[in-house]
$ cat data_20.txt   # compact mmCIF, C-alpha atoms
# COMPACT_ATOMS: atom_id res chain seq x y z
CA MET A 1 -16.82 -14.66 7.38
CA LYS A 2 -18.22 -14.15 10.87
CA GLU A 3 -20.13 -10.88 10.94
CA ASN A 4 -20.57 -10.99 14.72
CA LYS A 5 -16.83 -11.06 15.11
CA ILE A 6 -16.50 -7.97 12.92
CA TYR A 7 -19.10 -6.20 15.09
CA GLU A 8 -17.11 -7.07 18.19
CA LEU A 9 -13.85 -5.94 16.60
CA GLY A 10 -15.54 -2.74 15.45
CA LYS A 11 -16.49 -1.97 19.06
CA THR A 12 -12.94 -2.67 20.24
CA LEU A 13 -11.55 -0.38 17.56
CA GLY A 14 -13.95 2.39 18.53
CA ILE A 15 -15.64 2.45 15.12
CA PRO A 16 -19.14 4.04 15.20
CA GLU A 17 -21.79 1.31 14.98
CA THR A 18 -23.37 2.96 11.95
CA ASP A 19 -20.11 2.63 10.01
CA VAL A 20 -19.76 -1.05 10.90
CA LYS A 21 -23.40 -1.68 9.97
CA ALA A 22 -23.00 0.12 6.66
CA ALA A 23 -19.96 -2.00 5.84
CA LEU A 24 -21.83 -5.20 6.62
CA LEU A 25 -25.04 -4.21 4.87
CA LYS A 26 -26.10 -6.57 2.13
CA ASN A 27 -25.81 -5.23 -1.36
CA ARG A 28 -29.56 -5.72 -1.80
CA ASN A 29 -30.33 -2.22 -0.51
CA LYS A 30 -27.94 -0.69 -2.98
CA ILE A 31 -29.51 -2.65 -5.85
CA ILE A 32 -32.98 -1.37 -4.90
CA THR A 33 -31.64 2.19 -4.73
CA GLY A 34 -30.12 1.69 -8.18
CA ILE A 35 -33.40 0.49 -9.66
CA VAL A 36 -35.30 3.46 -8.18
CA ILE A 37 -32.76 5.93 -9.53
CA GLY A 38 -32.86 4.15 -12.90
CA ILE A 39 -36.65 4.40 -13.15
CA ALA A 40 -36.57 8.05 -12.15
CA THR A 41 -33.96 8.74 -14.83
CA VAL A 42 -36.10 7.14 -17.53
CA MET A 43 -39.23 8.93 -16.32
CA THR A 44 -37.59 12.31 -16.46
CA GLY A 45 -36.33 11.54 -19.95
CA LYS A 46 -32.67 11.90 -18.97
CA ILE A 47 -31.85 8.73 -20.86
CA TRP A 48 -33.56 7.16 -23.85
CA PHE A 49 -34.41 3.50 -23.46
CA GLU A 50 -36.53 2.37 -26.42
CA PRO A 51 -38.54 -0.44 -24.79
CA LEU A 52 -39.72 1.95 -22.14
CA HIS A 53 -40.60 4.78 -24.50
CA TYR A 54 -43.58 5.04 -26.82
CA GLN A 55 -44.21 7.60 -29.54
CA GLY A 56 -41.72 10.06 -28.21
CA THR A 57 -42.74 9.78 -24.64
CA SER A 58 -41.90 7.44 -21.85
CA ILE A 59 -44.44 4.75 -21.06
CA MET A 60 -43.42 5.34 -17.49
CA ASP A 61 -44.11 9.02 -17.87
CA PHE A 62 -47.03 10.23 -15.74
CA GLU A 63 -48.52 11.93 -18.79
CA PHE A 64 -48.55 8.65 -20.72
CA LEU A 65 -49.96 6.68 -17.82
CA THR A 66 -52.80 9.13 -17.33
CA ARG A 67 -53.69 9.78 -20.99
CA PHE A 68 -56.21 6.90 -21.06
CA LEU A 69 -58.00 7.91 -17.93
CA MET B 70 12.16 -0.13 -27.88
CA LEU B 71 9.73 -0.94 -25.09
CA SER B 72 6.37 0.79 -25.18
CA LYS B 73 5.72 3.70 -22.80
CA LYS B 74 3.29 1.39 -21.07
CA TYR B 75 6.29 0.09 -19.12
CA GLU B 76 8.28 2.99 -17.68
CA ALA B 77 10.42 2.68 -14.56
CA ARG B 78 8.97 5.76 -12.88
CA ILE B 79 9.46 4.44 -9.34
CA GLY B 80 12.76 3.04 -8.09
CA LEU B 81 13.10 1.17 -4.83
CA TYR B 82 16.60 0.91 -3.36
CA GLU B 83 17.41 -1.53 -0.61
CA LEU B 84 20.51 0.46 0.37
CA THR B 85 21.62 -2.25 2.77
CA LEU B 86 20.12 -5.31 4.39
CA ARG B 87 21.86 -4.36 7.62
CA CYS B 88 19.47 -3.31 10.35
CA ASN B 89 19.69 -2.11 13.94
CA MET B 90 16.28 -3.53 14.76
CA ASN B 91 15.02 -7.10 14.60
CA CYS B 92 11.32 -6.70 13.81
CA ILE B 93 9.22 -9.83 14.12
CA HIS B 94 7.38 -8.99 10.88
CA CYS B 95 10.38 -8.09 8.70
CA GLY B 96 9.70 -9.47 5.23
CA SER B 97 13.38 -9.22 4.27
CA SER B 98 14.69 -10.85 7.48
CA ALA B 99 17.00 -7.85 7.74
CA GLY B 100 19.87 -7.79 10.23
CA GLN B 101 23.23 -8.65 8.69
CA LYS B 102 24.31 -6.89 5.52
CA ARG B 103 24.44 -8.87 2.29
CA THR B 104 27.78 -10.04 1.02
CA ASN B 105 29.20 -7.69 -1.56
CA GLU B 106 26.75 -4.81 -1.25
CA LEU B 107 26.86 -2.07 -3.90
CA THR B 108 29.39 0.72 -3.48
CA THR B 109 28.52 4.42 -3.55
CA GLU B 110 29.67 4.64 -7.17
CA GLU B 111 27.54 1.68 -8.14
CA TRP B 112 24.44 3.19 -6.52
CA ASN B 113 25.10 6.51 -8.22
CA ASN B 114 25.44 4.69 -11.51
CA VAL B 115 22.06 3.01 -10.87
CA THR B 116 20.57 6.47 -10.29
CA LYS B 117 22.06 7.78 -13.52
CA GLN B 118 20.60 4.83 -15.44
CA LEU B 119 17.18 5.25 -13.83
CA ALA B 120 17.22 8.98 -14.60
CA ASP B 121 17.84 8.07 -18.25
CA LEU B 122 14.78 5.81 -18.06
CA ASN B 123 12.70 8.80 -16.90
CA CYS B 124 12.43 7.72 -13.25
CA LYS B 125 10.46 10.25 -11.17
CA GLU B 126 10.78 8.98 -7.63
CA ILE B 127 13.19 6.81 -5.65
CA THR B 128 12.54 5.32 -2.23
CA LEU B 129 15.51 4.50 -0.04
CA LEU B 130 14.90 1.67 2.37
CA GLY B 131 16.64 -1.33 3.83
CA GLY B 132 17.40 -2.82 6.28
CA GLU B 133 17.92 0.59 7.78
CA PRO B 134 19.04 3.03 5.06
CA PHE B 135 20.66 5.46 7.49
CA LEU B 136 23.13 2.78 8.57
CA ARG B 137 24.97 3.46 5.32
CA LYS B 138 27.46 6.22 5.84
CA ASP B 139 27.04 7.30 2.21
CA TRP B 140 23.24 7.74 2.32
CA TYR B 141 23.65 11.49 1.94
CA GLU B 142 25.95 11.15 -1.08
CA ILE B 143 23.56 8.71 -2.76
CA SER B 144 20.62 11.00 -1.96
CA THR B 145 22.42 14.04 -3.35
CA GLU B 146 23.01 12.24 -6.65
CA ILE B 147 19.29 11.42 -6.83
CA LYS B 148 18.30 14.99 -6.00
CA ASP B 149 20.73 16.48 -8.51
CA ARG B 150 19.16 14.40 -11.24
CA GLY B 151 15.77 15.92 -10.46
CA ILE B 152 14.28 12.76 -8.94
CA LYS B 153 12.12 12.96 -5.82
CA ILE B 154 13.29 11.01 -2.77
CA THR B 155 11.40 9.26 -0.02
CA TYR B 156 12.90 7.33 2.88
CA MET B 157 11.61 4.41 4.92
CA SER B 158 13.38 4.19 8.24
CA ASN B 159 12.98 2.85 11.75
CA GLY B 160 14.08 6.27 13.01
CA LEU B 161 16.70 5.12 15.51
CA LEU B 162 19.65 6.82 13.83
CA ILE B 163 18.00 10.11 12.95
CA ASN B 164 19.66 12.76 15.06
CA GLU B 165 20.05 16.54 14.68
CA ASN B 166 22.80 16.18 12.08
CA THR B 167 20.74 13.74 10.02
CA ILE B 168 17.78 16.13 10.10
CA GLU B 169 20.02 18.99 9.01
CA GLU B 170 21.22 16.93 6.03
CA LEU B 171 17.69 15.77 5.26
CA ARG B 172 16.60 19.41 5.06
CA LYS B 173 19.18 19.97 2.35
CA ILE B 174 17.92 16.93 0.43
CA GLU B 175 14.30 18.16 0.72
CA PRO B 176 12.74 14.70 0.57
CA LYS B 177 9.17 14.25 -0.58
CA ALA B 178 8.57 12.39 2.69
CA ILE B 179 10.21 10.29 5.32
CA SER B 180 8.36 7.32 6.77
CA ILE B 181 9.03 6.18 10.31
CA SER B 182 7.60 2.93 11.64
CA ILE B 183 5.50 2.99 14.77
CA ASP B 184 4.01 -0.41 15.53
CA GLY B 185 2.10 0.23 18.70
CA ALA B 186 0.53 2.96 20.81
CA LYS B 187 2.11 1.45 23.91
CA LYS B 188 5.88 1.43 24.18
CA GLU B 189 5.83 -2.23 25.32
CA THR B 190 4.03 -3.28 22.12
CA HIS B 191 6.28 -1.28 19.78
CA ASP B 192 9.45 -2.43 21.52
CA ARG B 193 8.25 -6.05 21.53
CA ILE B 194 7.48 -6.02 17.80
CA ARG B 195 10.72 -4.19 16.96
CA GLN B 196 12.71 -6.15 19.55
CA VAL B 197 14.67 -3.12 20.70
CA LYS B 198 14.02 -1.79 24.18
CA GLY B 199 13.56 1.96 24.36
CA SER B 200 13.00 2.30 20.62
CA TYR B 201 9.47 3.66 21.00
CA ASP B 202 10.57 6.72 22.98
CA LYS B 203 13.37 7.44 20.53
CA CYS B 204 11.10 7.11 17.49
CA ILE B 205 8.41 9.39 18.93
CA LYS B 206 11.07 12.02 19.62
CA VAL B 207 12.47 11.68 16.10
CA ILE B 208 9.02 12.14 14.56
CA SER B 209 8.50 15.29 16.60
CA ASN B 210 11.93 16.63 15.55
CA LEU B 211 11.28 15.88 11.89
CA LYS B 212 7.99 17.77 12.05
CA LYS B 213 9.66 20.71 13.77
CA ALA B 214 12.22 20.78 10.96
CA GLY B 215 9.38 21.02 8.43
CA ILE B 216 10.03 17.63 6.83
CA ASN B 217 6.97 15.76 5.56
CA THR B 218 6.62 12.82 7.88
CA THR B 219 4.63 9.63 7.60
CA VAL B 220 4.05 7.10 10.34
CA VAL B 221 3.80 3.55 9.02
CA THR B 222 2.11 0.89 11.10
CA SER B 223 2.31 -2.77 10.13
CA VAL B 224 -0.82 -4.24 11.62
CA ASN B 225 -0.75 -7.71 13.17
CA LYS B 226 -2.55 -9.45 16.03
CA LEU B 227 -0.33 -7.80 18.64
CA ASN B 228 -1.14 -4.19 17.75
CA LEU B 229 -4.57 -4.23 16.08
CA GLN B 230 -6.33 -3.22 19.28
CA GLU B 231 -4.05 -0.21 19.71
CA LEU B 232 -5.18 1.51 16.52
CA PRO B 233 -7.70 3.81 18.31
CA GLU B 234 -4.98 4.97 20.71
CA LEU B 235 -2.56 5.54 17.84
CA LYS B 236 -5.26 7.53 16.09
CA SER B 237 -5.61 9.82 19.11
CA MET B 238 -1.85 10.23 19.26
CA LEU B 239 -1.57 11.31 15.63
CA LEU B 240 -4.64 13.51 15.47
CA ASN B 241 -3.95 17.14 14.50
CA LYS B 242 -0.20 16.55 14.30
CA GLY B 243 0.08 17.04 10.53
CA ILE B 244 1.53 13.57 10.17
CA VAL B 245 0.36 11.13 7.51
CA TRP B 246 -0.56 7.74 8.94
CA GLN B 247 -0.20 4.74 6.66
CA LEU B 248 -1.48 1.33 7.67
CA GLN B 249 -0.40 -1.91 6.09
CA ILE B 250 -0.79 -5.54 7.08
CA ALA B 251 2.18 -7.65 8.11
CA ILE B 252 2.44 -10.51 5.64
CA LEU B 253 3.88 -13.98 5.79
CA LEU B 254 7.28 -13.26 4.34
CA GLY B 255 10.69 -13.30 6.00
CA ARG B 256 10.53 -13.52 9.79
CA PHE B 257 6.79 -13.07 10.29
CA LYS B 258 4.98 -15.97 11.96
CA LYS B 259 1.57 -17.19 10.87
CA GLU B 260 0.13 -17.02 14.41
CA LEU B 261 0.33 -13.22 14.31
CA LEU B 262 -1.24 -12.76 10.88
CA LEU B 263 -4.58 -10.91 11.00
CA SER B 264 -7.62 -13.10 10.39
CA LYS B 265 -9.85 -12.00 7.54
CA GLU B 266 -12.35 -10.60 10.04
CA GLU B 267 -9.60 -8.56 11.69
CA PHE B 268 -8.36 -7.41 8.30
CA TYR B 269 -11.85 -6.30 7.30
CA ALA B 270 -12.37 -4.54 10.65
CA ALA B 271 -9.07 -2.69 10.15
CA ALA B 272 -10.29 -1.59 6.70
CA ILE B 273 -13.57 -0.30 8.22
CA PHE B 274 -11.44 1.53 10.82
CA ILE B 275 -9.54 3.32 8.04
CA ALA B 276 -12.67 4.14 6.04
CA SER B 277 -14.52 5.36 9.12
CA THR B 278 -11.59 7.50 10.29
CA ARG B 279 -11.29 9.06 6.84
CA LYS B 280 -14.96 9.88 6.93
CA LYS B 281 -14.77 11.44 10.38
CA TYR B 282 -11.63 13.53 10.03
CA SER B 283 -10.48 15.90 7.33
CA ILE B 284 -7.15 15.47 5.56
CA LYS B 285 -5.78 18.29 7.71
CA GLU B 286 -6.87 16.66 10.95
CA LEU B 287 -5.66 13.14 10.20
CA PRO B 288 -4.45 12.06 6.78
CA ILE B 289 -4.87 8.30 7.16
CA ILE B 290 -4.30 5.90 4.27
CA GLY B 291 -4.41 2.18 3.77
CA SER B 292 -1.47 0.93 1.74
CA HIS B 293 -2.16 -1.06 -1.42
CA CYS B 294 -2.71 -4.27 0.54
CA PHE B 295 -6.03 -2.79 1.74
CA GLY B 296 -7.80 -3.49 -1.54
CA TYR B 297 -9.53 -4.13 -3.87
CA TYR B 298 -12.77 -2.94 -5.49
CA SER B 299 -14.78 -2.99 -2.29
CA LYS B 300 -18.47 -2.37 -2.85
CA LYS B 301 -18.93 -0.98 0.63
CA LEU B 302 -15.79 0.72 1.83
CA ARG B 303 -14.80 3.82 -0.06
CA ASN B 304 -11.32 5.29 -0.22
CA VAL B 305 -9.46 2.82 1.98
CA MET B 306 -6.50 3.19 -0.35
CA ILE B 307 -5.48 6.63 -1.53
CA PHE B 308 -5.18 5.69 -5.21
CA PRO B 309 -7.45 3.54 -7.31
CA TRP B 310 -5.98 0.06 -7.73
CA ASN B 311 -4.76 -0.69 -11.23
CA GLY B 312 -2.89 -3.87 -10.48
CA CYS B 313 0.57 -4.62 -9.11
CA GLN B 314 3.10 -2.17 -10.57
CA ALA B 315 6.16 -4.43 -10.42
CA GLY B 316 7.78 -4.20 -13.85
CA ILE B 317 5.06 -1.84 -15.07
CA SER B 318 6.14 1.38 -13.36
CA ALA B 319 8.27 0.08 -10.48
CA ILE B 320 11.64 -1.58 -10.17
CA GLY B 321 13.41 -2.79 -7.03
CA ILE B 322 17.16 -3.09 -6.59
CA GLN B 323 18.62 -5.08 -3.73
CA SER B 324 21.80 -4.01 -1.97
CA ASN B 325 23.80 -6.67 -3.83
CA GLY B 326 22.58 -5.41 -7.21
CA GLU B 327 19.90 -8.03 -7.78
CA VAL B 328 16.79 -6.75 -9.49
CA LYS B 329 13.14 -7.58 -8.82
CA GLY B 330 9.93 -5.92 -9.91
CA CYS B 331 9.22 -5.04 -6.28
CA LEU B 332 11.39 -5.41 -3.18
CA SER B 333 8.53 -7.06 -1.25
CA LEU B 334 8.78 -10.14 -3.43
CA PRO B 335 10.68 -13.23 -2.25
CA PRO B 336 14.07 -14.27 -3.78
CA GLU B 337 12.57 -16.48 -6.50
CA PHE B 338 11.46 -13.26 -8.23
CA ILE B 339 15.04 -12.01 -8.82
CA GLU B 340 15.42 -11.39 -12.55
CA GLY B 341 18.91 -10.02 -13.06
CA ASN B 342 21.80 -8.14 -11.52
CA ILE B 343 22.92 -4.63 -12.36
CA ARG B 344 26.53 -5.87 -12.23
CA ASP B 345 25.84 -8.18 -15.18
CA ASN B 346 23.52 -6.02 -17.26
CA SER B 347 22.42 -2.42 -17.44
CA ILE B 348 19.06 -1.53 -15.91
CA SER B 349 17.76 -0.71 -19.36
CA GLU B 350 18.70 -4.20 -20.61
CA ILE B 351 17.03 -5.85 -17.63
CA TRP B 352 13.91 -3.64 -17.92
CA GLN B 353 13.54 -4.31 -21.64
CA LYS B 354 14.38 -8.00 -21.48
CA PRO B 355 11.52 -10.11 -22.85
CA GLY B 356 9.86 -11.93 -20.00
CA PHE B 357 10.84 -9.39 -17.32
CA CYS B 358 8.07 -9.37 -14.71
CA SER B 359 6.06 -11.61 -17.00
CA TYR B 360 3.60 -12.19 -14.12
CA ASN B 361 2.43 -8.63 -14.80
CA ARG B 362 3.48 -7.81 -18.35
CA ASP B 363 2.30 -11.05 -19.95
CA PHE B 364 -0.58 -11.56 -17.57
CA LYS B 365 -3.56 -13.58 -18.79
CA LYS B 366 -6.83 -14.05 -16.96
CA SER B 367 -6.04 -17.76 -16.79
CA ASP B 368 -3.10 -16.88 -14.48
CA LEU B 369 -5.49 -15.91 -11.70
CA ASN B 370 -5.53 -18.11 -8.64
CA ASN B 371 -7.49 -18.70 -5.45
CA ASN B 372 -10.52 -16.41 -4.96
CA CYS B 373 -9.55 -14.31 -8.00
CA ILE B 374 -10.52 -16.95 -10.55
CA ASP B 375 -13.57 -15.65 -12.44
CA CYS B 376 -13.46 -12.24 -10.72
CA LYS B 377 -14.77 -9.58 -13.07
CA TYR B 378 -11.93 -7.24 -12.08
CA GLY B 379 -9.30 -9.94 -12.64
CA LYS B 380 -7.83 -8.48 -15.81
CA LYS B 381 -7.29 -5.05 -14.31
CA CYS B 382 -6.46 -6.18 -10.76
CA ARG B 383 -4.21 -9.13 -11.70
CA GLY B 384 -4.98 -10.75 -8.37
CA GLY B 385 -4.01 -7.98 -5.97
CA CYS B 386 -0.65 -7.53 -4.26
CA LEU B 387 1.73 -10.18 -5.52
CA GLY B 388 3.75 -10.13 -2.28
CA VAL B 389 0.67 -10.76 -0.14
CA SER B 390 -0.58 -13.42 -2.54
CA VAL B 391 2.68 -15.35 -2.58
CA GLY B 392 3.35 -14.77 1.12
CA ILE B 393 -0.02 -16.00 2.30
CA THR B 394 -1.06 -18.61 -0.25
CA GLY B 395 2.19 -19.59 -1.95
CA LYS B 396 0.55 -18.79 -5.29
CA SER B 397 0.79 -15.66 -7.40
CA ASN B 398 -2.13 -13.55 -8.70
CA GLY B 399 -4.57 -14.57 -5.97
CA ASP B 400 -4.47 -12.28 -2.94
CA THR B 401 -7.01 -13.74 -0.53
CA TYR B 402 -6.95 -10.61 1.63
CA CYS B 403 -9.30 -8.85 -0.75
CA LEU B 404 -12.16 -6.69 0.53
CA LYS B 405 -14.41 -7.53 -2.41
CA SER B 406 -13.91 -11.25 -2.01
CA ILE B 407 -14.48 -11.00 1.76
CA GLU B 408 -17.71 -9.03 1.18
CA GLU B 409 -18.96 -11.75 -1.13
CA THR B 410 -18.66 -14.34 1.62
CA MET B 411 -20.72 -12.31 4.09

$ encode --input "data_20.txt" --output "structure tokens"
Amino acid sequence: MKENKIYELGKTLGIPETDVKAALLKNRNKIITGIVIGIATVMTGKIWFEPLHYQGTSIMDFEFLTRFL
Amino acid sequence: MLSKKYEARIGLYELTLRCNMNCIHCGSSAGQKRTNELTTEEWNNVTKQLADLNCKEITLLGGEPFLRKDWYEISTEIKDRGIKITYMSNGLLINENTIEELRKIEPKAISISIDGAKKETHDRIRQVKGSYDKCIKVISNLKKAGINTTVVTSVNKLNLQELPELKSMLLNKGIVWQLQIAILLGRFKKELLLSKEEFYAAAIFIASTRKKYSIKELPIIGSHCFGYYSKKLRNVMIFPWNGCQAGISAIGIQSNGEVKGCLSLPPEFIEGNIRDNSISEIWQKPGFCSYNRDFKKSDLNNNCIDCKYGKKCRGGCLGVSVGITGKSNGDTYCLKSIEETM
């Protein structure tokens, strides 16, 4: 798959560059976004994931992280 | 008794193979009518049988369906049985009288093909001089008459670059615009088939246009060949893809009574004739549309082997798969598979 060719075709078809770029973006960015959202979900206690929780609180919880300070 | 999983909810009628155009991309190689085409009574009997099978919608196509003098009679029978009707036409024969009759039928929609923004392109693809002007006028008349109208564009190398101009033409007209790719069946030549880059660019065009304009401004849709399970392009197709519906919810009947799961499929997929058996017998026959009903993951071909969506997707559009690769269950024009090679 030639990405340059798709860029060229996108211009010919009058597609905004941002839309072409978004369509050609590697999935890596979406994976990172997923991980960040996942961590935030665990930290706010929206989901229960045993390995990341300790004695009723999340080990990623700010309270837990700061209790030994 | 067959499970409700397989219910012929959508009927596709090739009313005649006769056509007054000679499109370079015609998958049915339409032109001359088939020998021994079904009579009005036979078509009405088909409708009765489909109504008994709980059919909800019937599409009349061809060839050119309006070349049959009895199209109105056949349509009336469908309407009277409470089944919705859609038409796929090249538009050439739709005059004031036709529109008046169509208003009585109250079709769900009528699709007219426009294959270029420039008249030269449309006329070249359809091989009828002056057809563009006539079709544009017909579309305008249909809209004035309050009939839901769809413009269908079969995209190939000759008209891809005219999509932006077509978009401007159809903007704020209240007309649905459906894009599909011309596939290697019937008369269509390989040299004009979109490359995968062009196909992907056309899909971005649809997604981007849908993002920019509201449904009221420009209802644009990619037909089911613009699939499947893209990770980057949202809503190219209007419905989520749940695999080819041939023999699952759709049945196609050719003008000589031969039955296939879908009319887009080549002749080797004919599985019976309504003159020999009832539709119910054909529909319930073990092995009917086995490529879908008895599908196994091991049936997948080409890029679809090992795809995690394989079981649900069944390898995309069977017509595209067979037309382009010669193999079933392996549509290579797949957005997800293209994205994986980027």

$ closest_residue --input "data_20.txt" --among "A:Leu13, A:Ile31, A:Val36, A:Met43" --to "chain B" --atoms "all atoms listed in the file"
A:Leu13

$ residues_around --input "data_20.txt" --residues "A:Pro16" --least-positions-apart "6" --cutoff "10 Å" --atoms "all atoms listed in the file" --output "list in words"
Gly10 of chain A; Ile273, Phe274, Ser277, Thr278 and Lys281 of chain B

$ interface_residues --input "data_20.txt" --of "chain B" --to "chain A" --cutoff "9 Å" --atoms "all atoms listed in the file" --output "list in words"
Leu229, Gln230, Glu231, Leu232, Pro233, Lys265, Glu266, Glu267, Tyr269, Ala270, Ala271, Ile273, Phe274, Ala276, Ser277, Thr278, Lys300, Lys301, Leu302, Ile407, Glu408, Thr410 and Met411 of chain B

$ residues_around --input "data_20.txt" --residues "B:Ile252" --least-positions-apart "5" --cutoff "8 Å" --atoms "all atoms listed in the file" --output "MDAnalysis selection string"
chainID B and resid 94 96 257 262 389 392:393

$ write_last_selection --input "data_20.txt" --atoms "C-alpha atoms" --output "compact mmCIF listing (two decimals), in the frame of the given file"
# COMPACT_ATOMS: atom_id res chain seq x y z
CA HIS B 94 7.38 -8.99 10.88
CA GLY B 96 9.70 -9.47 5.23
CA PHE B 257 6.79 -13.07 10.29
CA LEU B 262 -1.24 -12.76 10.88
CA VAL B 389 0.67 -10.76 -0.14
CA GLY B 392 3.35 -14.77 1.12
CA ILE B 393 -0.02 -16.00 2.30

$ atom_distance --input "data_20.txt" --atom1 "atom CA of B:Ser97" --atom2 "atom CA of B:Ser349"
25.5 Å

$ atom_distance --input "data_20.txt" --atom1 "atom CA of B:Arg362" --atom2 "atom CA of B:Gly316"
7.2 Å

$ closest_residue --input "data_20.txt" --among "B:Gly185, B:Asp363, B:Ile194, B:Leu387" --to "B:Lys236" --atoms "all atoms listed in the file"
B:Gly185

$ atom_distance --input "data_20.txt" --atom1 "atom CA of B:Asn164" --atom2 "atom CA of B:Leu136"
12.4 Å

$ closest_atom_pairs --input "data_20.txt" --of "stretch 162-262 of chain B" --to "stretch 150-157 of chain B" --cutoff "9 Å" --atoms "all atoms listed in the file" --output "tab-separated table"
residue	atom	partner	partner_atom	distance
B:Ile174	CA	B:Ile154	CA	8.2
B:Glu175	CA	B:Ile154	CA	8.0
B:Pro176	CA	B:Ile154	CA	5.0
B:Lys177	CA	B:Thr155	CA	5.5
B:Ala178	CA	B:Thr155	CA	5.0
B:Ile179	CA	B:Tyr156	CA	4.7
B:Ser180	CA	B:Met157	CA	4.7
B:Ile181	CA	B:Met157	CA	6.2
B:Ser182	CA	B:Met157	CA	8.0
B:Val221	CA	B:Met157	CA	8.9

$ closest_residue --input "data_20.txt" --among "B:Gly255, B:Pro134, B:Gly160, B:Gly199" --to "B:Thr218" --atoms "all atoms listed in the file"
B:Gly160

$ residues_around --input "data_20.txt" --residues "B:Trp246" --least-positions-apart "3" --cutoff "6 Å" --atoms "all atoms listed in the file" --output "list in words"
Thr219, Val220 and Ile289 of chain B

$ residues_near_point --input "data_20.txt" --point "(-8.9, -8.6, -13.2)" --cutoff "10 Å" --atoms "all atoms listed in the file" --output "VMD selection string"
chain B and resid 311 to 312 364 to 366 369 373 to 385 398

$ write_last_selection --input "data_20.txt" --atoms "C-alpha atoms" --output "mmCIF file, in the frame of the given file"
data_model
loop_
_atom_site.group_PDB
_atom_site.id
_atom_site.type_symbol
_atom_site.label_atom_id
_atom_site.label_comp_id
_atom_site.auth_asym_id
_atom_site.auth_seq_id
_atom_site.Cartn_x
_atom_site.Cartn_y
_atom_site.Cartn_z
ATOM 1 C CA ASN B 311 -4.760 -0.690 -11.230
ATOM 2 C CA GLY B 312 -2.890 -3.870 -10.480
ATOM 3 C CA PHE B 364 -0.580 -11.560 -17.570
ATOM 4 C CA LYS B 365 -3.560 -13.580 -18.790
ATOM 5 C CA LYS B 366 -6.830 -14.050 -16.960
ATOM 6 C CA LEU B 369 -5.490 -15.910 -11.700
ATOM 7 C CA CYS B 373 -9.550 -14.310 -8.000
ATOM 8 C CA ILE B 374 -10.520 -16.950 -10.550
ATOM 9 C CA ASP B 375 -13.570 -15.650 -12.440
ATOM 10 C CA CYS B 376 -13.460 -12.240 -10.720
ATOM 11 C CA LYS B 377 -14.770 -9.580 -13.070
ATOM 12 C CA TYR B 378 -11.930 -7.240 -12.080
ATOM 13 C CA GLY B 379 -9.300 -9.940 -12.640
ATOM 14 C CA LYS B 380 -7.830 -8.480 -15.810
ATOM 15 C CA LYS B 381 -7.290 -5.050 -14.310
ATOM 16 C CA CYS B 382 -6.460 -6.180 -10.760
ATOM 17 C CA ARG B 383 -4.210 -9.130 -11.700
ATOM 18 C CA GLY B 384 -4.980 -10.750 -8.370
ATOM 19 C CA GLY B 385 -4.010 -7.980 -5.970
ATOM 20 C CA ASN B 398 -2.130 -13.550 -8.700
#

$ residues_around --input "data_20.txt" --residues "B:Cys92" --least-positions-apart "5" --cutoff "8 Å" --atoms "all atoms listed in the file" --output "ChimeraX atom specification"
/B:194-196,256

$ closest_residue --input "data_20.txt" --among "B:Asn105, B:Ser324, B:Thr167, B:Leu235" --to "B:Thr85" --atoms "only C-alpha atoms"
B:Ser324

$ closest_residue --input "data_20.txt" --among "B:Leu227, B:Leu248, B:Cys331, B:Thr104" --to "B:Ile79" --atoms "only C-alpha atoms"
B:Cys331

$ residues_near_point --input "data_20.txt" --point "(16.7, -5.8, -11.0)" --cutoff "8 Å" --atoms "only C-alpha atoms" --output "list in words"
Ile320, Gly321, Ile322, Gln323, Gly326, Glu327, Val328, Lys329, Gly330, Ile339, Glu340, Gly341, Asn342, Ile343, Ile348, Ile351 and Trp352 of chain B
